[in-house]
Structure formats: C-alpha cells, structure tokens
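Participant: Got a structure for you, written out below as structure tokens; questions coming shortly.
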Amino acid sequence: MKTKIALLAALVAALLPQVRAESSNAANGPVNVVFQEPEKFTDVKTSSMGSDRDRDAILEEVKSFIEQTASKRVPAGHVLTITVRDLDMAGDFEPWRFDARDVRIVKDLYPPRAKVSFRLTDASGAVVKEGDRNLSDMGFMQTISVDRNDELRFEKRLIGDWIEDEFAKVKKS
C-alpha cells in the first residue's frame, strides 16, 4: 500500500510542473475571453430545458473558437480581452411544436446575436483599441456553411467575421 502511495505521489510531483506551465500559458495568452453573467444569456442551450452543463459546454467551445481566431490578429506583446455580455444562438425552440420541443428550429426569424466588449492593450498596458459591439447576422441563412454538422456554425461565423473586421487594421508583428 505504501508503495502505491509513493508511486502516486511521485507521478503527481512529476506532472505538476507541466500542468502549472500549461495553465500559466493559457492564462497569460494574447486573448482572454470572459463571459459576463452567462446564466442570464438570452439563449445558450441545446434543448428547450437546457442545463448549466450544456451552457458551459457551449460557452467553452465558443471561448476556444474566439481564442484561436483572435490570437491570429493580436500583435506580439499585445493582450486582447473580449467580454461576452450576451449570446443568442441562431434558431429557437418553438414550444407549440409538441412533437419537436427539443429541436432547435433555425430560420431567418431567429438570427444569431451577441453583445461583446473588448480591450486591446500593448506591451506597456496602454489601450490601443476598445469598444462595445452588438453583433447580429440577419443574412445568416444566405451564406454557405463549411461544416453543416457544427451546431455553433452560425455563432462562430458571426463572431469570426466580427474579429476579422474589427482587427483587420491592427498590425500583426
């Protein structure tokens, strides 16, 4: 028994520096994403009776997408903080459709929307660019989607297009 505990302790001790380094790099990356009161977001769920677990999984995927997309636009030494204040996924659950209550109905009537704030700072901490944006894609049904199996394709395109437009003139070093 003592041998197993000693081996486990040695394994934890060996892996701990690697875990700390990875979490430190993630926290100090060029893009930080914050969700402000996500429990109050308009619509972030996979069913009409969405759970906190579903919401958190969706937001984690959105966060990862934002970090990957925006990091391509952030110059070296700069830090971009994006605060998502609201998210309304494309489509909606139509309660009168008793045969399909947990099916998200996607049509022009329910476009994806997001409210975001952002702040881009340089290496010295000086603000390079900041603002608040209300994003909406009323023509989301008219564009071709590369991955029709991605249930967040409309939201990702909305946010990705905004990032590309907003930070197109920020020079990447």
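Here's how to read the names in the structure tokens: chain A, B, ... by the order shown, residue numbers from 1 in each chain, ligand numbers from 1 in the order shown.
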Run DSSP on the backbone and tell me which residues of segment 91-154 of chain A come out as strand (DSSP E); list them as an NGL selection string.
Facilitator: :A and (113-121 or 127-136)
Participant: Save out the residues we just selected, N, CA and C atoms, as a PDB file, in the first residue's frame.
Facilitator:
```pdb
ATOM      1  N   ARG A 113     -27.088  36.382 -32.400  1.00  0.00           N
ATOM      2  CA  ARG A 113     -26.774  37.722 -31.890  1.00  0.00           C
ATOM      3  C   ARG A 113     -25.795  37.578 -30.732  1.00  0.00           C
ATOM      4  N   ALA A 114     -24.990  38.609 -30.555  1.00  0.00           N
ATOM      5  CA  ALA A 114     -24.060  38.632 -29.421  1.00  0.00           C
ATOM      6  C   ALA A 114     -23.780  40.078 -29.040  1.00  0.00           C
ATOM      7  N   LYS A 115     -23.563  40.297 -27.769  1.00  0.00           N
ATOM      8  CA  LYS A 115     -23.118  41.598 -27.263  1.00  0.00           C
ATOM      9  C   LYS A 115     -21.740  41.374 -26.674  1.00  0.00           C
ATOM     10  N   VAL A 116     -20.774  42.137 -27.169  1.00  0.00           N
ATOM     11  CA  VAL A 116     -19.399  41.973 -26.716  1.00  0.00           C
ATOM     12  C   VAL A 116     -18.773  43.325 -26.396  1.00  0.00           C
ATOM     13  N   SER A 117     -17.815  43.286 -25.485  1.00  0.00           N
ATOM     14  CA  SER A 117     -16.938  44.424 -25.207  1.00  0.00           C
ATOM     15  C   SER A 117     -15.525  43.912 -25.410  1.00  0.00           C
ATOM     16  N   PHE A 118     -14.620  44.798 -25.790  1.00  0.00           N
ATOM     17  CA  PHE A 118     -13.246  44.362 -26.000  1.00  0.00           C
ATOM     18  C   PHE A 118     -12.278  45.472 -25.620  1.00  0.00           C
ATOM     19  N   ARG A 119     -11.074  45.041 -25.294  1.00  0.00           N
ATOM     20  CA  ARG A 119      -9.992  45.979 -24.987  1.00  0.00           C
ATOM     21  C   ARG A 119      -8.694  45.345 -25.456  1.00  0.00           C
ATOM     22  N   LEU A 120      -7.994  46.058 -26.344  1.00  0.00           N
ATOM     23  CA  LEU A 120      -6.696  45.621 -26.836  1.00  0.00           C
ATOM     24  C   LEU A 120      -5.644  46.540 -26.232  1.00  0.00           C
ATOM     25  N   THR A 121      -4.685  45.951 -25.519  1.00  0.00           N
ATOM     26  CA  THR A 121      -3.612  46.741 -24.902  1.00  0.00           C
ATOM     27  C   THR A 121      -2.269  46.309 -25.466  1.00  0.00           C
ATOM     28  N   VAL A 127      -3.980  51.281 -23.780  1.00  0.00           N
ATOM     29  CA  VAL A 127      -5.114  50.831 -24.592  1.00  0.00           C
ATOM     30  C   VAL A 127      -4.903  51.251 -26.038  1.00  0.00           C
ATOM     31  N   VAL A 128      -4.910  50.279 -26.935  1.00  0.00           N
ATOM     32  CA  VAL A 128      -4.760  50.510 -28.362  1.00  0.00           C
ATOM     33  C   VAL A 128      -6.130  50.697 -29.000  1.00  0.00           C
ATOM     34  N   LYS A 129      -7.087  49.876 -28.553  1.00  0.00           N
ATOM     35  CA  LYS A 129      -8.430  49.912 -29.125  1.00  0.00           C
ATOM     36  C   LYS A 129      -9.386  49.278 -28.123  1.00  0.00           C
ATOM     37  N   GLU A 130     -10.576  49.858 -27.990  1.00  0.00           N
ATOM     38  CA  GLU A 130     -11.593  49.265 -27.126  1.00  0.00           C
ATOM     39  C   GLU A 130     -12.969  49.681 -27.598  1.00  0.00           C
ATOM     40  N   GLY A 131     -13.979  48.945 -27.157  1.00  0.00           N
ATOM     41  CA  GLY A 131     -15.335  49.303 -27.542  1.00  0.00           C
ATOM     42  C   GLY A 131     -16.354  48.251 -27.149  1.00  0.00           C
ATOM     43  N   ASP A 132     -17.608  48.565 -27.449  1.00  0.00           N
ATOM     44  CA  ASP A 132     -18.745  47.676 -27.236  1.00  0.00           C
ATOM     45  C   ASP A 132     -19.391  47.445 -28.592  1.00  0.00           C
ATOM     46  N   ARG A 133     -19.788  46.231 -28.862  1.00  0.00           N
ATOM     47  CA  ARG A 133     -20.430  45.927 -30.134  1.00  0.00           C
ATOM     48  C   ARG A 133     -21.645  45.046 -29.901  1.00  0.00           C
ATOM     49  N   ASN A 134     -22.711  45.331 -30.656  1.00  0.00           N
ATOM     50  CA  ASN A 134     -23.896  44.479 -30.712  1.00  0.00           C
ATOM     51  C   ASN A 134     -23.852  43.782 -32.068  1.00  0.00           C
ATOM     52  N   LEU A 135     -23.591  42.498 -32.056  1.00  0.00           N
ATOM     53  CA  LEU A 135     -23.422  41.739 -33.290  1.00  0.00           C
ATOM     54  C   LEU A 135     -24.719  41.028 -33.659  1.00  0.00           C
ATOM     55  N   SER A 136     -24.983  40.990 -34.946  1.00  0.00           N
ATOM     56  CA  SER A 136     -26.163  40.303 -35.448  1.00  0.00           C
ATOM     57  C   SER A 136     -25.917  39.967 -36.907  1.00  0.00           C
TER      58      SER A 136
END
```
Participant: I'd like the neighbourhood of Val79 of chain A as a compact mmCIF listing (two decimals) with C-alpha atoms, in the first residue's frame, where a residue qualifies if any of its atoms comes within 12 Å (using only C-alpha atoms), though same-chain residues fewer than 2 positions away should be ignored.
Facilitator:
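Saved to selection_5.txt:
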```
# COMPACT_ATOMS: atom_id res chain seq x y z
CA ALA A 27 -3.85 32.48 -18.51
CA ASN A 28 -1.14 34.71 -19.98
CA GLY A 29 -2.06 34.19 -23.63
CA PRO A 30 -2.72 37.05 -26.01
CA VAL A 31 -6.50 36.58 -25.87
CA ASN A 32 -8.65 36.45 -22.74
CA VAL A 33 -12.35 35.62 -23.00
CA GLU A 67 -9.11 32.45 -28.61
CA ALA A 70 -8.46 36.33 -32.34
CA SER A 71 -4.93 35.19 -31.49
CA LYS A 72 -4.15 35.36 -35.23
CA ARG A 73 -4.96 39.09 -35.14
CA VAL A 74 -3.23 40.13 -31.91
CA PRO A 75 0.28 41.58 -32.40
CA ALA A 76 3.12 40.15 -30.33
CA GLY A 77 3.18 41.61 -26.82
CA THR A 81 -9.71 40.87 -23.64
CA ILE A 82 -13.14 40.07 -25.03
CA PHE A 118 -13.25 44.36 -26.00
CA ARG A 119 -9.99 45.98 -24.99
CA LEU A 120 -6.70 45.62 -26.84
CA THR A 121 -3.61 46.74 -24.90
CA ASP A 122 0.01 46.91 -25.95
CA ALA A 123 3.02 45.55 -24.08
CA SER A 124 3.10 48.59 -21.77
CA GLY A 125 -0.59 48.20 -20.90
CA ALA A 126 -1.73 51.22 -22.94
CA VAL A 127 -5.11 50.83 -24.59
CA VAL A 128 -4.76 50.51 -28.36
CA LYS A 129 -8.43 49.91 -29.13
CA GLU A 130 -11.59 49.27 -27.13
```
Participant: Which residue is closest to Asp54 of chain A? Choose from A:His78, A:Ile66, A:Asp92, A:Glu39 and count only C-alpha atoms.
Facilitator: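 Closest to Asp54 of chain A, using only C-alpha atoms: A:Glu39.
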Participant: Which of these, A:Lys107, A:Lys45, A:Arg148, A:Arg157, has the shortest distance to Ala57 of chain A once you count only C-alpha atoms?
Facilitator: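 Answer, going by the shortest atom-to-atom distance: A:Lys45.
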Participant: Give the helix (DSSP H, G or I) residues of segment 45-164 of chain A, as DSSP finds them on the backbone, and put them as JSON, numbers by chain.
Facilitator: {"A": [52, 53, 54, 55, 56, 57, 58, 59, 60, 61, 62, 63, 64, 65, 66, 67, 68, 69, 70, 71, 98, 99, 100, 140, 141, 142, 153, 154, 155, 156, 157, 158, 159, 160, 161, 162, 163, 164]}
Participant: Give me, as a list in words, all polymer residues having an atom no more than 12 Å from Gln142 of chain A, counting only C-alpha atoms and skipping those fewer than 5 positions away in the same chain.
Facilitator: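 Final neighbour list, sorted by chain and number: Lys107, Asp108, Pro111, Asp137 and Phe154 of chain A.
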Participant: Could you write out the selected residues, including C-alpha atoms, as a JSON list (two decimals), in the first residue's frame?
Facilitator:
```json
[["chain", "number", "residue", "atom", "x", "y", "z"],
["A", 107, "LYS", "CA", -34.95, 30.09, -39.77],
["A", 108, "ASP", "CA", -34.45, 33.75, -40.73],
["A", 111, "PRO", "CA", -30.65, 35.17, -36.26],
["A", 137, "ASP", "CA", -26.24, 38.42, -38.74],
["A", 154, "PHE", "CA", -23.74, 30.44, -37.22]]
```
Participant: Mind checking which residues fall within 12 Å of Glu151 of chain A, counting only C-alpha atoms, ignoring those fewer than 4 positions away in the same chain, and posting them as a PyMOL selection string?
Facilitator: chain A and resi 44-46+58+61-62+89-91+103-106+112+145-147+155-157
Participant: Write the selection just made, keeping C-alpha atoms, as a tab-separated table (two decimals), in the first residue's frame?
Facilitator:
```
chain	number	residue	atom	x	y	z
A	44	VAL	CA	-27.35	29.22	-24.91
A	45	LYS	CA	-28.74	25.71	-24.75
A	46	THR	CA	-29.09	22.50	-26.70
A	58	ILE	CA	-21.29	25.53	-25.49
A	61	GLU	CA	-16.43	25.82	-27.38
A	62	VAL	CA	-17.19	29.48	-28.14
A	89	MET	CA	-27.90	31.35	-30.67
A	90	ALA	CA	-29.42	31.09	-34.14
A	91	GLY	CA	-32.80	29.40	-34.13
A	103	VAL	CA	-35.38	20.57	-31.73
A	104	ARG	CA	-33.83	23.94	-32.46
A	105	ILE	CA	-35.76	25.43	-35.38
A	106	VAL	CA	-33.37	27.53	-37.47
A	112	PRO	CA	-27.56	34.72	-34.10
A	145	SER	CA	-21.51	26.81	-44.25
A	146	VAL	CA	-18.39	24.69	-44.45
A	147	ASP	CA	-19.33	22.39	-41.58
A	155	GLU	CA	-22.42	31.85	-33.94
A	156	LYS	CA	-18.81	31.11	-34.90
A	157	ARG	CA	-19.24	32.83	-38.25
```
Participant: Suppose you want the space between atom CA of Thr42 of chain A and atom CA of Val84 of chain A; what is it in Å?
Facilitator: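 Distance between the two atoms: 11.9 Å.
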Participant: Tell me, in Å to one decimal, how far atom CA of Phe65 of chain A is from atom CA of Leu80 of chain A.
Facilitator: 14.2 Å
